[in-house]
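Quick look at protein_16.cif (mmCIF, C-alpha atoms):
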data_my_file
loop_
_atom_site.label_atom_id
_atom_site.label_comp_id
_atom_site.auth_asym_id
_atom_site.auth_seq_id
_atom_site.Cartn_x
_atom_site.Cartn_y
_atom_site.Cartn_z
CA MET A 188 36.00 -120.99 -66.75
CA THR A 189 38.44 -122.07 -64.04
CA ALA A 190 40.79 -125.01 -64.51
CA VAL A 191 39.08 -126.83 -61.64
CA ALA A 192 35.63 -126.47 -63.23
CA GLU A 193 36.96 -127.64 -66.60
CA ALA A 194 38.60 -130.67 -64.98
CA LYS A 195 35.29 -131.60 -63.32
CA ILE A 196 33.43 -131.37 -66.63
CA LYS A 197 36.10 -133.49 -68.30
CA ARG A 198 35.86 -136.24 -65.69
CA LYS A 199 32.06 -136.22 -65.76
CA VAL A 200 31.24 -136.12 -69.49
CA LEU A 201 34.24 -137.44 -71.44
CA PRO A 202 33.03 -140.52 -73.35
CA SER A 203 35.10 -143.64 -73.84
CA PRO A 204 37.07 -143.77 -77.14
CA VAL A 205 34.98 -146.66 -78.49
CA THR A 206 31.59 -147.56 -77.06
CA GLY A 207 29.98 -150.95 -76.76
CA GLN A 208 27.25 -149.75 -79.13
CA GLU A 209 29.84 -149.12 -81.85
CA VAL A 210 31.36 -152.57 -81.41
CA VAL A 211 27.89 -154.11 -81.68
CA LEU A 212 27.15 -152.09 -84.81
CA VAL A 213 30.35 -153.24 -86.48
CA GLY A 214 29.34 -156.83 -85.72
CA VAL A 215 25.78 -156.34 -86.99
CA ILE A 216 27.00 -154.73 -90.23
CA ALA A 217 29.53 -157.53 -90.74
CA VAL A 218 26.87 -160.22 -90.23
CA LEU A 219 24.41 -158.38 -92.49
CA TRP A 220 26.96 -157.97 -95.27
CA ALA A 221 27.95 -161.64 -95.00
CA ALA A 222 24.30 -162.73 -95.18
CA LEU A 223 23.66 -160.48 -98.18
CA ALA A 224 26.81 -161.73 -99.89
CA VAL A 225 25.52 -165.30 -99.58
CA SER A 226 21.99 -164.39 -100.71
CA THR A 227 23.03 -162.03 -103.52
CA PRO A 228 26.68 -162.57 -104.56
CA ALA A 229 26.64 -159.25 -106.43
CA PHE A 230 26.26 -157.36 -103.14
CA LEU A 231 29.98 -157.29 -102.33
CA THR A 232 31.00 -156.14 -105.80
CA ALA A 233 32.22 -152.62 -106.48
CA GLY A 234 29.08 -151.96 -108.50
CA SER A 235 27.01 -152.47 -105.35
CA ILE A 236 29.23 -151.17 -102.55
CA GLN A 237 30.20 -147.91 -104.24
CA PRO A 238 26.60 -146.68 -104.72
CA LEU A 239 25.86 -147.80 -101.14
CA LEU A 240 28.68 -145.62 -99.79
CA VAL A 241 27.61 -142.69 -101.97
CA ALA A 242 24.04 -142.97 -100.63
CA THR A 243 25.32 -143.26 -97.05
CA ALA A 244 27.43 -140.09 -97.25
CA PRO A 245 24.77 -137.31 -97.03
CA VAL A 246 22.82 -139.07 -94.27
CA ALA A 247 25.97 -139.71 -92.23
CA LEU A 248 27.32 -136.19 -92.84
CA VAL A 249 24.18 -134.46 -91.59
CA GLY A 250 24.04 -137.08 -88.84
CA VAL A 251 27.42 -135.95 -87.53
CA ALA A 252 26.03 -132.49 -86.83
CA MET A 253 22.72 -133.90 -85.62
CA THR A 254 24.68 -135.94 -83.08
CA ILE A 255 26.05 -132.74 -81.55
CA VAL A 256 22.58 -131.20 -81.51
CA ILE A 257 21.06 -134.23 -79.76
CA ILE A 258 24.00 -134.42 -77.33
CA THR A 259 23.06 -130.89 -76.19
CA GLY A 260 19.50 -132.09 -75.56
CA GLY A 261 18.04 -130.65 -78.77
CA ILE A 262 16.87 -132.01 -82.12
CA ASP A 263 16.48 -130.68 -85.65
CA VAL A 264 13.61 -132.03 -87.74
CA SER A 265 14.02 -129.26 -90.34
CA VAL A 266 17.05 -130.73 -92.12
CA GLY A 267 14.91 -132.26 -94.88
CA GLY A 268 13.45 -128.85 -95.75
CA ALA A 269 16.89 -127.25 -95.45
CA ILE A 270 18.32 -129.78 -97.92
CA MET A 271 15.54 -128.86 -100.36
CA VAL A 272 16.38 -125.14 -100.13
CA CYS A 273 20.14 -125.63 -100.47
CA SER A 274 19.75 -128.12 -103.31
CA VAL A 275 17.39 -126.03 -105.42
CA LEU A 276 19.43 -122.85 -104.92
CA THR A 277 22.61 -124.62 -105.95
CA ALA A 278 20.97 -126.43 -108.87
CA LYS A 279 19.53 -123.19 -110.24
CA ALA A 280 22.94 -121.53 -109.93
CA LEU A 281 24.50 -124.42 -111.84
CA VAL A 282 22.05 -124.09 -114.75
CA GLY A 283 22.32 -120.31 -114.85
CA THR A 284 23.46 -118.42 -117.92
CA ASP A 285 27.14 -118.63 -117.02
CA GLY A 286 26.96 -121.45 -114.49
CA VAL A 287 29.28 -121.64 -111.51
CA SER A 288 32.40 -123.59 -110.66
CA LEU A 289 32.57 -126.56 -108.29
CA GLY A 290 34.03 -124.46 -105.48
CA THR A 291 31.50 -121.67 -105.91
CA ALA A 292 28.60 -124.13 -105.95
CA VAL A 293 29.79 -125.78 -102.74
CA LEU A 294 30.31 -122.43 -101.00
CA LEU A 295 26.87 -121.23 -102.10
CA SER A 296 25.20 -124.34 -100.73
CA ILE A 297 27.14 -124.20 -97.46
CA ALA A 298 26.35 -120.48 -97.02
CA ALA A 299 22.64 -121.12 -97.60
CA GLY A 300 22.70 -123.97 -95.09
CA ALA A 301 24.54 -121.87 -92.52
CA VAL A 302 21.89 -119.13 -92.77
CA LEU A 303 19.10 -121.65 -92.25
CA GLY A 304 20.99 -123.17 -89.32
CA LEU A 305 21.49 -119.70 -87.87
CA VAL A 306 17.74 -119.10 -87.95
CA ASN A 307 17.15 -122.29 -85.98
CA GLY A 308 20.01 -121.58 -83.60
CA VAL A 309 18.94 -118.05 -82.72
CA LEU A 310 15.32 -119.06 -82.12
CA ILE A 311 16.29 -122.06 -79.98
CA ALA A 312 19.24 -120.63 -78.05
CA TYR A 313 17.76 -117.22 -77.34
CA GLY A 314 14.02 -117.79 -77.77
CA ARG A 315 13.97 -120.40 -74.98
CA VAL A 316 11.51 -122.60 -76.87
CA HIS A 317 12.14 -126.35 -77.16
CA ALA A 318 13.97 -127.36 -80.30
CA ILE A 319 11.29 -129.79 -81.50
CA ILE A 320 8.74 -126.93 -81.65
CA ILE A 321 11.05 -124.48 -83.40
CA THR A 322 12.43 -126.92 -85.95
CA PHE A 323 9.01 -128.36 -86.70
CA GLY A 324 7.92 -124.83 -87.55
CA THR A 325 11.02 -123.99 -89.58
CA ALA A 326 10.75 -127.34 -91.40
CA ASN A 327 7.47 -126.12 -92.88
CA LEU A 328 8.90 -122.67 -93.58
CA PHE A 329 11.94 -124.13 -95.35
CA MET A 330 9.71 -126.47 -97.34
CA PHE A 331 7.55 -123.54 -98.44
CA LEU A 332 10.64 -121.54 -99.38
CA GLY A 333 12.07 -124.45 -101.35
CA LEU A 334 8.82 -124.95 -103.27
CA ARG A 335 8.67 -121.24 -104.08
CA ILE A 336 12.21 -121.34 -105.46
CA PHE A 337 11.37 -124.44 -107.49
CA GLY A 338 8.38 -122.67 -108.99
CA SER A 339 5.89 -124.88 -110.75
CA GLY A 340 8.28 -127.51 -112.05
CA THR A 341 11.66 -129.16 -111.80
CA VAL A 342 15.18 -127.87 -112.35
CA ASN A 343 16.39 -129.36 -115.62
CA GLY A 344 19.69 -129.52 -117.45
CA ILE A 345 21.92 -129.58 -114.37
CA PRO A 346 25.54 -129.85 -115.62
CA GLY A 347 28.08 -132.31 -114.22
CA THR A 348 29.87 -129.67 -112.16
CA LEU A 349 29.38 -131.67 -108.96
CA ALA A 350 30.47 -134.98 -110.51
CA PHE A 351 33.36 -134.98 -108.03
CA PHE A 352 30.78 -136.08 -105.40
CA GLY A 353 28.78 -138.39 -107.66
CA ARG A 354 28.51 -142.06 -108.53
CA GLY A 355 30.58 -141.95 -111.72
CA PRO A 356 34.34 -142.43 -112.28
CA ASP A 357 34.99 -138.72 -111.55
CA GLY A 358 33.52 -139.23 -108.08
CA ARG A 359 35.99 -141.89 -106.93
CA THR A 360 39.64 -142.25 -105.96
CA MET A 361 41.04 -145.77 -105.92
CA GLY A 362 37.45 -147.02 -106.04
CA VAL A 363 36.31 -145.12 -102.92
CA PRO A 364 33.66 -142.40 -103.46
CA HIS A 365 34.85 -138.89 -102.64
CA ALA A 366 31.59 -138.11 -100.85
CA PHE A 367 32.15 -140.98 -98.43
CA LEU A 368 35.82 -140.10 -97.95
CA ILE A 369 34.89 -136.52 -97.07
CA THR A 370 32.24 -137.81 -94.66
CA VAL A 371 34.78 -140.05 -92.92
CA LEU A 372 37.26 -137.16 -92.61
CA VAL A 373 34.60 -134.84 -91.17
CA THR A 374 33.50 -137.58 -88.76
CA ALA A 375 37.10 -138.11 -87.59
CA ALA A 376 37.65 -134.37 -87.10
CA VAL A 377 34.44 -133.94 -85.10
CA TRP A 378 35.21 -137.08 -83.03
CA TRP A 379 38.59 -135.59 -82.12
CA TYR A 380 37.05 -132.20 -81.33
CA LEU A 381 34.36 -133.63 -79.06
CA ARG A 382 36.80 -135.83 -77.18
CA HIS A 383 40.00 -133.79 -76.98
CA THR A 384 38.93 -130.14 -76.67
CA ALA A 385 37.23 -128.19 -73.92
CA GLY A 386 34.68 -126.84 -76.40
CA GLY A 387 33.69 -130.34 -77.43
CA ARG A 388 33.22 -131.48 -73.85
CA HIS A 389 31.01 -128.47 -73.20
CA PHE A 390 28.38 -129.90 -75.57
CA TYR A 391 28.19 -133.03 -73.40
CA ALA A 392 27.97 -130.90 -70.27
CA ILE A 393 25.06 -128.92 -71.69
CA GLY A 394 23.16 -132.09 -72.52
CA GLY A 395 23.87 -133.58 -69.11
CA ASP A 396 22.72 -130.55 -67.10
CA PRO A 397 22.54 -127.10 -68.76
CA VAL A 398 22.12 -125.28 -65.44
CA ALA A 399 25.20 -126.93 -63.95
CA ALA A 400 27.11 -126.28 -67.16
CA ARG A 401 26.21 -122.59 -67.04
CA LEU A 402 27.27 -122.37 -63.40
CA ALA A 403 30.56 -124.01 -64.37
CA GLY A 404 31.19 -121.22 -66.87
CA VAL A 405 29.99 -122.81 -70.11
CA ARG A 406 28.41 -120.32 -72.51
CA VAL A 407 25.38 -122.48 -73.10
CA GLN A 408 23.49 -120.26 -75.56
CA ARG A 409 26.55 -119.69 -77.72
CA ARG A 410 27.30 -123.43 -77.84
CA VAL A 411 23.71 -124.30 -78.75
CA LEU A 412 23.75 -121.66 -81.49
CA LEU A 413 27.00 -123.09 -82.83
CA ALA A 414 25.53 -126.62 -82.94
CA TYR A 415 22.66 -125.54 -85.20
CA VAL A 416 24.83 -123.38 -87.45
CA PHE A 417 27.21 -126.32 -87.88
CA THR A 418 24.23 -128.49 -88.77
CA GLY A 419 23.33 -125.98 -91.46
CA VAL A 420 26.87 -126.01 -92.83
CA LEU A 421 26.91 -129.79 -93.16
CA VAL A 422 23.39 -129.73 -94.63
CA GLY A 423 24.75 -127.42 -97.33
CA LEU A 424 27.63 -129.77 -98.13
CA ALA A 425 25.35 -132.82 -98.03
CA SER A 426 23.04 -131.07 -100.51
CA CYS A 427 25.90 -131.05 -103.02
CA PHE A 428 26.22 -134.81 -102.49
CA VAL A 429 22.48 -135.22 -103.07
CA ILE A 430 22.54 -133.25 -106.33
CA ALA A 431 25.54 -135.24 -107.56
CA GLN A 432 23.78 -138.56 -106.86
CA GLY A 433 20.91 -137.85 -109.20
CA THR A 434 20.41 -137.12 -112.87
CA SER A 435 20.44 -133.76 -114.65
CA THR A 436 16.97 -133.10 -113.18
CA LEU A 437 16.12 -132.07 -109.62
CA ASP A 438 12.52 -132.45 -108.49
CA GLN A 439 10.56 -131.24 -105.50
CA SER A 440 10.95 -134.48 -103.57
CA VAL A 441 14.60 -133.70 -102.83
CA GLY A 442 15.25 -133.83 -99.09
CA SER A 443 11.95 -135.59 -98.37
CA GLY A 444 12.33 -138.00 -95.45
CA LYS A 445 16.02 -137.21 -94.96
CA GLU A 446 15.39 -135.94 -91.42
CA LEU A 447 13.98 -139.33 -90.43
CA ALA A 448 16.94 -141.20 -91.93
CA VAL A 449 19.39 -138.89 -90.17
CA ILE A 450 17.73 -139.17 -86.76
CA ALA A 451 17.49 -142.95 -87.19
CA ALA A 452 21.24 -143.13 -87.90
CA VAL A 453 22.04 -141.03 -84.83
CA VAL A 454 19.80 -143.02 -82.48
CA ILE A 455 20.92 -146.40 -83.84
CA GLY A 456 24.49 -145.16 -83.45
CA GLY A 457 24.02 -144.93 -79.70
CA THR A 458 23.41 -141.23 -79.08
CA SER A 459 21.01 -140.77 -76.19
CA ILE A 460 17.84 -138.98 -77.28
CA MET A 461 17.82 -137.46 -73.76
CA GLY A 462 21.13 -135.73 -74.38
CA GLY A 463 24.52 -135.81 -72.72
CA ARG A 464 25.82 -138.96 -74.44
CA GLY A 465 26.68 -139.87 -78.01
CA SER A 466 29.34 -140.56 -80.60
CA VAL A 467 29.72 -139.41 -84.20
CA LEU A 468 31.52 -142.67 -85.00
CA GLY A 469 28.39 -144.54 -83.94
CA THR A 470 26.33 -142.24 -86.18
CA LEU A 471 28.49 -143.09 -89.20
CA LEU A 472 28.02 -146.78 -88.49
CA GLY A 473 24.30 -146.26 -87.93
CA ALA A 474 23.95 -144.54 -91.31
CA LEU A 475 25.89 -147.35 -92.97
CA LEU A 476 23.61 -149.93 -91.34
CA VAL A 477 20.43 -148.09 -92.40
CA GLN A 478 21.62 -147.81 -96.00
CA SER A 479 22.84 -151.42 -96.04
CA VAL A 480 19.38 -152.57 -95.00
CA ALA A 481 17.76 -150.47 -97.74
CA SER A 482 20.23 -151.76 -100.33
CA GLY A 483 19.79 -155.36 -99.21
CA VAL A 484 16.00 -155.20 -99.35
CA THR A 485 16.21 -153.81 -102.89
CA GLN A 486 18.68 -156.41 -104.12
CA LEU A 487 16.66 -159.24 -102.61
CA GLY A 488 13.59 -158.00 -104.44
CA TRP A 489 11.59 -157.56 -101.25
CA ARG A 490 8.98 -154.87 -100.69
CA SER A 491 10.54 -151.52 -99.85
CA GLN A 492 8.33 -151.22 -96.74
CA LEU A 493 10.39 -153.98 -95.14
CA SER A 494 13.35 -151.59 -95.01
CA ASP A 495 11.31 -149.22 -92.81
CA LEU A 496 10.27 -152.18 -90.65
CA PHE A 497 13.83 -153.32 -90.03
CA VAL A 498 15.09 -149.79 -89.35
CA GLY A 499 12.19 -149.26 -86.93
CA ILE A 500 13.17 -152.43 -85.06
CA PHE A 501 16.79 -151.21 -84.85
CA ILE A 502 15.60 -147.87 -83.45
CA ILE A 503 13.43 -149.51 -80.79
CA VAL A 504 16.29 -151.81 -79.75
CA ALA A 505 18.74 -148.87 -79.62
CA VAL A 506 16.39 -146.68 -77.56
CA GLY A 507 15.61 -149.61 -75.26
CA ALA A 508 19.31 -150.24 -74.70
CA ASP A 509 19.85 -146.54 -73.95
CA LEU A 510 17.05 -146.55 -71.38
CA LEU A 511 18.47 -149.64 -69.71
CA ARG A 512 21.92 -148.01 -69.55
CA ALA A 513 20.39 -144.86 -68.05
CA ARG A 514 18.53 -146.92 -65.44
CA ALA A 515 21.72 -148.80 -64.57
CA ARG A 516 23.60 -145.51 -64.11
CA ARG A 517 20.91 -144.14 -61.80
CA ALA A 518 20.97 -147.35 -59.73
CA ARG A 519 24.70 -147.01 -58.98
#
Please re-express this file's structure in structure tokens.
Amino acid sequence: MTAVAEAKIKRKVLPSPVTGQEVVLVGVIAVLWAALAVSTPAFLTAGSIQPLLVATAPVALVGVAMTIVIITGGIDVSVGGAIMVCSVLTAKALVGTDGVSLGTAVLLSIAAGAVLGLVNGVLIAYGRVHAIIITFGTANLFMFLGLRIFGSGTVNGIPGTLAFFGRGPDGRTMGVPHAFLITVLVTAAVWWYLRHTAGGRHFYAIGGDPVAARLAGVRVQRRVLLAYVFTGVLVGLASCFVIAQGTSTLDQSVGSGKELAVIAAVVIGGTSIMGGRGSVLGTLLGALLVQSVASGVTQLGWRSQLSDLFVGIFIIVAVGADLLRARARRAR
């Protein structure tokens, strides 16, 4: 790619450091936390905030990669099934005859996720079929594979090898859960990459206009493939967080509904479902808001369905705001 073409892409797609959506989300979370603190004083205690951050971590982590996927104009609805596969493989390795170490378990889960992401990436980037069709198909394939690995029951007797990512004392440093710290670090690294490198800006260019991006020298297929493989990698790491959150038993519901929570966090965070615009920082805030709503509904003793209602309202508002912004840009 020539320097002139790269400069044009940079001027066209480089997002602002902090978006208005992110500022609004910070305000909404602050107001929500204040309201919950008044209604249930226990909400702002360590015993409430720490589990909230632990629960936020896997959704936000997968959401970071999903943000890149959606920025390119794609989507991945197979992450729930992929989490099931990675989780059951890792759990069975942990309860094996000799067991495995923390590092080996994490690498195994990440490798499994990367393979699943590679399957999606190859089919989408080189098969020229829309991502929603491919990932809807692979979601069912991954679910079938996960159920076959599970067998007829659950995985029992999982040791505390992954306690470093869990809710207990071993999973925290200075009161902050390791899983959430890792998620924040990954979010910061991806934010920097998207904003300050040519490769990161190429993802925005692909989502804005893939034909123009290809003519400008962007290797569109390779970038799309990379986005889905990266999603698989973070799914693998998030699966370790999911295992560590639970008990010594892993059942077949693991990963169920996670794709909806992830996509909700990304959309609420301000990423345009039409591609070309988005921020991983907004996704982290969106995941925190979604989990705060779920936690608040539980602590207030309300019906759990109300959590889905509130999140649905947030999604509609976020999508509506995105459409209004798009209309305003076209009118200029």
**Study point:** Top pick for closest residue to A:Gly283, considering A:Gly404, A:Gly457, A:Ala299, A:Pro346 and counting all atoms listed in the file
**Key:** A:Pro346
**Study point:** Selection under test: the PyMOL selection byres ((chain A and resi 334) around 10); residues as a VMD selection string
**Key:** chain A and resid 268 271 to 272 275 328 to 333 335 to 341 438 to 440
Exercise for review: Using only C-alpha atoms, determine which residues lie at most 6 Å from stretch 470-472 of chain A, disregarding the query and same-chain residues fewer than 2 positions distant; provide the list as a PyMOL selection string.
Suggested key: chain A and resi 247+452-453+456+467-468+474-475
Could the residues in this selection be written to a file with C-alpha atoms, as a compact mmCIF listing (two decimals), keeping the file's coordinate frame?
# COMPACT_ATOMS: atom_id res chain seq x y z
CA ALA A 247 25.97 -139.71 -92.23
CA ALA A 452 21.24 -143.13 -87.90
CA VAL A 453 22.04 -141.03 -84.83
CA GLY A 456 24.49 -145.16 -83.45
CA VAL A 467 29.72 -139.41 -84.20
CA LEU A 468 31.52 -142.67 -85.00
CA ALA A 474 23.95 -144.54 -91.31
CA LEU A 475 25.89 -147.35 -92.97
Exercise for review: Tell me, as a ChimeraX atom specification, which residues lie within 9 Å of A:Leu305, counting all atoms listed in the file; anything in the same chain fewer than 5 positions away does not count.
Suggested key: /A:300,310,412-413,415-417,419
Practice item. For the file shown, report as a ChimeraX atom specification the outcome of the PyMOL selection byres ((chain A and resi 469) around 12) at residue level. Key: /A:204-213,247,250-251,254,371,374-375,378,451-459,464-468,470-476,505
Practice item. Around the point (21.6, -155.0, -104.3), in the coordinates given by the file, pick out the residues reaching within 7 Å, counting only C-alpha atoms, and return them as a list of chain:residue names. Key: A:Ala229, A:Phe230, A:Ser235, A:Ser482, A:Gly483, A:Thr485, A:Gln486, A:Leu487
Distance cut-off 12 Å, centre (28.8, -155.3, -103.6) in file coordinates, counting all atoms listed in the file: which residues qualify? Return them as a JSON list (two decimals) with C-alpha atoms, keeping the file's coordinate frame.
[["chain", "number", "residue", "atom", "x", "y", "z"],
["A", 220, "TRP", "CA", 26.96, -157.97, -95.27],
["A", 221, "ALA", "CA", 27.95, -161.64, -95.00],
["A", 223, "LEU", "CA", 23.66, -160.48, -98.18],
["A", 224, "ALA", "CA", 26.81, -161.73, -99.89],
["A", 225, "VAL", "CA", 25.52, -165.30, -99.58],
["A", 226, "SER", "CA", 21.99, -164.39, -100.71],
["A", 227, "THR", "CA", 23.03, -162.03, -103.52],
["A", 228, "PRO", "CA", 26.68, -162.57, -104.56],
["A", 229, "ALA", "CA", 26.64, -159.25, -106.43],
["A", 230, "PHE", "CA", 26.26, -157.36, -103.14],
["A", 231, "LEU", "CA", 29.98, -157.29, -102.33],
["A", 232, "THR", "CA", 31.00, -156.14, -105.80],
["A", 233, "ALA", "CA", 32.22, -152.62, -106.48],
["A", 234, "GLY", "CA", 29.08, -151.96, -108.50],
["A", 235, "SER", "CA", 27.01, -152.47, -105.35],
["A", 236, "ILE", "CA", 29.23, -151.17, -102.55],
["A", 237, "GLN", "CA", 30.20, -147.91, -104.24],
["A", 238, "PRO", "CA", 26.60, -146.68, -104.72],
["A", 239, "LEU", "CA", 25.86, -147.80, -101.14],
["A", 240, "LEU", "CA", 28.68, -145.62, -99.79],
["A", 479, "SER", "CA", 22.84, -151.42, -96.04],
["A", 482, "SER", "CA", 20.23, -151.76, -100.33],
["A", 483, "GLY", "CA", 19.79, -155.36, -99.21],
["A", 486, "GLN", "CA", 18.68, -156.41, -104.12]]
Exercise for review: Mind giving me the straight-line distance from atom CA of A:Ile297 to atom CA of A:Arg410 in Å, one decimal?
Suggested key: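 Atom CA of A:Arg410 lies at a distance of 19.6 Å from atom CA of A:Ile297.
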Check your understanding: Which one of A:Leu421, A:Val506, A:Ala298, A:Val498 sits closest to A:Val480 if you count only C-alpha atoms?
Key ->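 So, comparing all the options, the nearest one is A:Val498.
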Revision key, fill the gap. What separates atom CA of A:Ile216 and atom CA of A:Phe501 is a distance of 12.1 Å
Review point. Between A:Thr348, A:Ser265, A:Thr360, A:Thr243, which one has atoms that come closest to A:Leu289, using all atoms listed in the file?
Key: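 Of the candidates, the smallest distance to A:Leu289 is held by A:Thr348.
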Review point. Counting only C-alpha atoms, what is within 12 Å of A:Ile393, bar same-chain residues fewer than 3 positions away, as an MDAnalysis selection string?
Key: chainID A and resid 196 199:200 255:261 312 386:390 396:411 414 461:464
Just-selected residues, C-alpha atoms written as a PDB file, in the coordinates of the input:
ATOM      1  CA  ILE A 196      33.430-131.370 -66.630  1.00  0.00           C
ATOM      2  CA  LYS A 199      32.060-136.220 -65.760  1.00  0.00           C
ATOM      3  CA  VAL A 200      31.240-136.120 -69.490  1.00  0.00           C
ATOM      4  CA  ILE A 255      26.050-132.740 -81.550  1.00  0.00           C
ATOM      5  CA  VAL A 256      22.580-131.200 -81.510  1.00  0.00           C
ATOM      6  CA  ILE A 257      21.060-134.230 -79.760  1.00  0.00           C
ATOM      7  CA  ILE A 258      24.000-134.420 -77.330  1.00  0.00           C
ATOM      8  CA  THR A 259      23.060-130.890 -76.190  1.00  0.00           C
ATOM      9  CA  GLY A 260      19.500-132.090 -75.560  1.00  0.00           C
ATOM     10  CA  GLY A 261      18.040-130.650 -78.770  1.00  0.00           C
ATOM     11  CA  ALA A 312      19.240-120.630 -78.050  1.00  0.00           C
ATOM     12  CA  GLY A 386      34.680-126.840 -76.400  1.00  0.00           C
ATOM     13  CA  GLY A 387      33.690-130.340 -77.430  1.00  0.00           C
ATOM     14  CA  ARG A 388      33.220-131.480 -73.850  1.00  0.00           C
ATOM     15  CA  HIS A 389      31.010-128.470 -73.200  1.00  0.00           C
ATOM     16  CA  PHE A 390      28.380-129.900 -75.570  1.00  0.00           C
ATOM     17  CA  ASP A 396      22.720-130.550 -67.100  1.00  0.00           C
ATOM     18  CA  PRO A 397      22.540-127.100 -68.760  1.00  0.00           C
ATOM     19  CA  VAL A 398      22.120-125.280 -65.440  1.00  0.00           C
ATOM     20  CA  ALA A 399      25.200-126.930 -63.950  1.00  0.00           C
ATOM     21  CA  ALA A 400      27.110-126.280 -67.160  1.00  0.00           C
ATOM     22  CA  ARG A 401      26.210-122.590 -67.040  1.00  0.00           C
ATOM     23  CA  LEU A 402      27.270-122.370 -63.400  1.00  0.00           C
ATOM     24  CA  ALA A 403      30.560-124.010 -64.370  1.00  0.00           C
ATOM     25  CA  GLY A 404      31.190-121.220 -66.870  1.00  0.00           C
ATOM     26  CA  VAL A 405      29.990-122.810 -70.110  1.00  0.00           C
ATOM     27  CA  ARG A 406      28.410-120.320 -72.510  1.00  0.00           C
ATOM     28  CA  VAL A 407      25.380-122.480 -73.100  1.00  0.00           C
ATOM     29  CA  GLN A 408      23.490-120.260 -75.560  1.00  0.00           C
ATOM     30  CA  ARG A 409      26.550-119.690 -77.720  1.00  0.00           C
ATOM     31  CA  ARG A 410      27.300-123.430 -77.840  1.00  0.00           C
ATOM     32  CA  VAL A 411      23.710-124.300 -78.750  1.00  0.00           C
ATOM     33  CA  ALA A 414      25.530-126.620 -82.940  1.00  0.00           C
ATOM     34  CA  MET A 461      17.820-137.460 -73.760  1.00  0.00           C
ATOM     35  CA  GLY A 462      21.130-135.730 -74.380  1.00  0.00           C
ATOM     36  CA  GLY A 463      24.520-135.810 -72.720  1.00  0.00           C
ATOM     37  CA  ARG A 464      25.820-138.960 -74.440  1.00  0.00           C
TER      38      ARG A 464
END
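Computed from the coordinates, the atom CA of A:Ala376 to atom CA of A:Gly423 distance equals 17.9 Å.
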Starting from the sparse input, extend stretch 394-398 of chain A to all heavy atoms and give the output as a compact mmCIF listing (two decimals), in the frame of the given file.
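Below is the file that was written, rebuild36.txt:
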# COMPACT_ATOMS: atom_id res chain seq x y z
N GLY A 394 24.17 -131.04 -72.44
CA GLY A 394 23.16 -132.09 -72.52
C GLY A 394 22.94 -132.79 -71.20
O GLY A 394 21.82 -133.23 -70.90
N GLY A 395 23.99 -132.91 -70.41
CA GLY A 395 23.87 -133.58 -69.11
C GLY A 395 23.08 -132.74 -68.11
O GLY A 395 22.19 -133.24 -67.43
N ASP A 396 23.41 -131.45 -68.03
CA ASP A 396 22.72 -130.55 -67.10
C ASP A 396 23.07 -129.12 -67.50
O ASP A 396 24.12 -128.60 -67.13
CB ASP A 396 23.16 -130.81 -65.66
CG ASP A 396 22.31 -130.04 -64.65
OD1 ASP A 396 21.75 -129.00 -65.02
OD2 ASP A 396 22.21 -130.49 -63.49
N PRO A 397 22.21 -128.45 -68.28
CA PRO A 397 22.54 -127.10 -68.76
C PRO A 397 22.72 -126.08 -67.65
O PRO A 397 23.55 -125.16 -67.77
CB PRO A 397 21.34 -126.74 -69.66
CG PRO A 397 20.25 -127.67 -69.24
CD PRO A 397 20.92 -128.92 -68.79
N VAL A 398 21.99 -126.23 -66.56
CA VAL A 398 22.12 -125.28 -65.44
C VAL A 398 23.49 -125.44 -64.80
O VAL A 398 24.20 -124.45 -64.56
CB VAL A 398 21.01 -125.51 -64.41
CG1 VAL A 398 21.23 -124.61 -63.19
CG2 VAL A 398 19.64 -125.25 -65.03
